[in-house]
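Below: the structure, in structure tokens.
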Amino acid sequence: MKYSEVCPKTFNAGYTQYKIVFEKNLLCSGEGLYGHVNFQEETITIDDSIEGSVARSTIIHECMHVMLDTLGLGAPEEENNLTVTNEVVTESTTRAMMMFHSLNLELWNILFPSTIIFTPDPVPNDLHI
């Protein structure tokens, strides 16, 4: 599957829309990459020369960078002094995947075509996270 032909052009991060662009032979800081997120420009760039499971996992990977940044786990590695437990990572990843699904159902269904499609339930008013 050529994801550049079927992928939505935006990714909803809840607070903003990231543009999704495909570019041949993606380079960032002189290194060849499969994908990259530019947080300042709110852009996710995917190398258009990759296909199949590599392209799929790269799109998921870059979207997860955006979602984890939204949840406060986005500092660059050299600035990131977080000590996290398995529970923190598990809960953050769970919330990120739930946000991904509820805010980006079209992209979710492209990336996870064999999953059961759920309509997101409304969040209860008395839910305290």
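To be explicit about the labels: the chains of the structure tokens are called A, B, and onward in the order shown, and within each one the residues are counted from 1, while ligands get numbers from 1 in the order they are shown.
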
Could you list, as a ChimeraX atom specification, every residue within 12 Å of region 64-72 of chain A, counting only C-alpha atoms and ignoring same-chain residues fewer than 4 positions away? /A:11-20,35-40,42-44,57-60,76,80,82,84,88-101,103-104

I need the residues of region 7-110 of chain A that end up classed as strand (DSSP E) by DSSP on the backbone, written out as a list of chain:residue names. A:Thr10, A:Phe11, A:Asn12, A:Gln17, A:Tyr18, A:Lys19, A:Ile20, A:Val21, A:Phe22, A:Glu23, A:Leu27, A:Cys28, A:Glu31, A:Gly32, A:Gly35, A:His36, A:Val37, A:Asn38, A:Thr43, A:Ile44, A:Thr45, A:Ile46, A:Asp47

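Minimum distance to Asp47 (chain A) across A:Thr10, A:Asn86, A:Ser4, A:Ser102 (counting only C-alpha atoms) occurs at A:Ser4.
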
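For the pair CA of Phe22 (chain A) and CA of Glu41 (chain A), the interatomic distance is 15.0 Å.
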
Pull the helix (DSSP H, G or I) assignments for region 3-84 of chain A out of DSSP run on the backbone, and list those residues as a ChimeraX atom specification. /A:3-6,52-70

Output the selection as a tab-separated table (two decimals), in the first residue's frame - N, CA and C atoms for each residue.
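part-v8.tsv written:
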```tsv
chain	number	residue	atom	x	y	z
A	3	TYR	N	1.03	4.57	1.29
A	3	TYR	CA	0.34	5.37	2.30
A	3	TYR	C	0.19	6.83	1.89
A	4	SER	N	1.10	7.35	1.08
A	4	SER	CA	0.98	8.76	0.67
A	4	SER	C	-0.28	8.99	-0.15
A	5	GLU	N	-0.83	7.93	-0.75
A	5	GLU	CA	-2.04	8.07	-1.56
A	5	GLU	C	-3.32	7.96	-0.75
A	6	VAL	N	-3.26	7.35	0.43
A	6	VAL	CA	-4.48	7.12	1.22
A	6	VAL	C	-4.49	7.82	2.58
A	52	GLY	N	4.73	-0.51	2.77
A	52	GLY	CA	4.32	-1.65	3.59
A	52	GLY	C	4.46	-1.42	5.09
A	53	SER	N	4.91	-2.45	5.79
A	53	SER	CA	4.96	-2.39	7.25
A	53	SER	C	5.95	-1.36	7.75
A	54	VAL	N	6.99	-1.06	6.98
A	54	VAL	CA	7.95	-0.03	7.39
A	54	VAL	C	7.28	1.33	7.37
A	55	ALA	N	6.53	1.62	6.32
A	55	ALA	CA	5.81	2.90	6.24
A	55	ALA	C	4.76	2.99	7.34
A	56	ARG	N	4.02	1.91	7.53
A	56	ARG	CA	2.96	1.88	8.55
A	56	ARG	C	3.54	2.14	9.94
A	57	SER	N	4.60	1.43	10.30
A	57	SER	CA	5.17	1.61	11.64
A	57	SER	C	5.81	2.98	11.79
A	58	THR	N	6.32	3.54	10.71
A	58	THR	CA	6.91	4.89	10.77
A	58	THR	C	5.84	5.94	11.03
A	59	ILE	N	4.71	5.84	10.35
A	59	ILE	CA	3.61	6.79	10.58
A	59	ILE	C	3.15	6.69	12.03
A	60	ILE	N	2.94	5.48	12.53
A	60	ILE	CA	2.53	5.28	13.92
A	60	ILE	C	3.57	5.87	14.86
A	61	HIS	N	4.85	5.60	14.60
A	61	HIS	CA	5.94	6.08	15.43
A	61	HIS	C	5.94	7.61	15.53
A	62	GLU	N	5.83	8.27	14.38
A	62	GLU	CA	5.86	9.74	14.39
A	62	GLU	C	4.61	10.32	15.05
A	63	CYS	N	3.46	9.71	14.83
A	63	CYS	CA	2.23	10.17	15.51
A	63	CYS	C	2.35	9.97	17.01
A	64	MET	N	3.00	8.89	17.44
A	64	MET	CA	3.17	8.64	18.88
A	64	MET	C	4.08	9.71	19.49
A	65	HIS	N	5.10	10.17	18.75
A	65	HIS	CA	5.92	11.29	19.24
A	65	HIS	C	5.03	12.49	19.56
A	66	VAL	N	4.11	12.81	18.65
A	66	VAL	CA	3.21	13.94	18.85
A	66	VAL	C	2.32	13.71	20.06
A	67	MET	N	1.73	12.51	20.17
A	67	MET	CA	0.81	12.23	21.26
A	67	MET	C	1.53	12.25	22.61
A	68	LEU	N	2.71	11.66	22.69
A	68	LEU	CA	3.45	11.66	23.96
A	68	LEU	C	3.91	13.07	24.32
A	69	ASP	N	4.25	13.89	23.34
A	69	ASP	CA	4.58	15.29	23.61
A	69	ASP	C	3.37	16.00	24.21
A	70	THR	N	2.18	15.71	23.67
A	70	THR	CA	0.94	16.29	24.17
A	70	THR	C	0.73	15.94	25.65
```
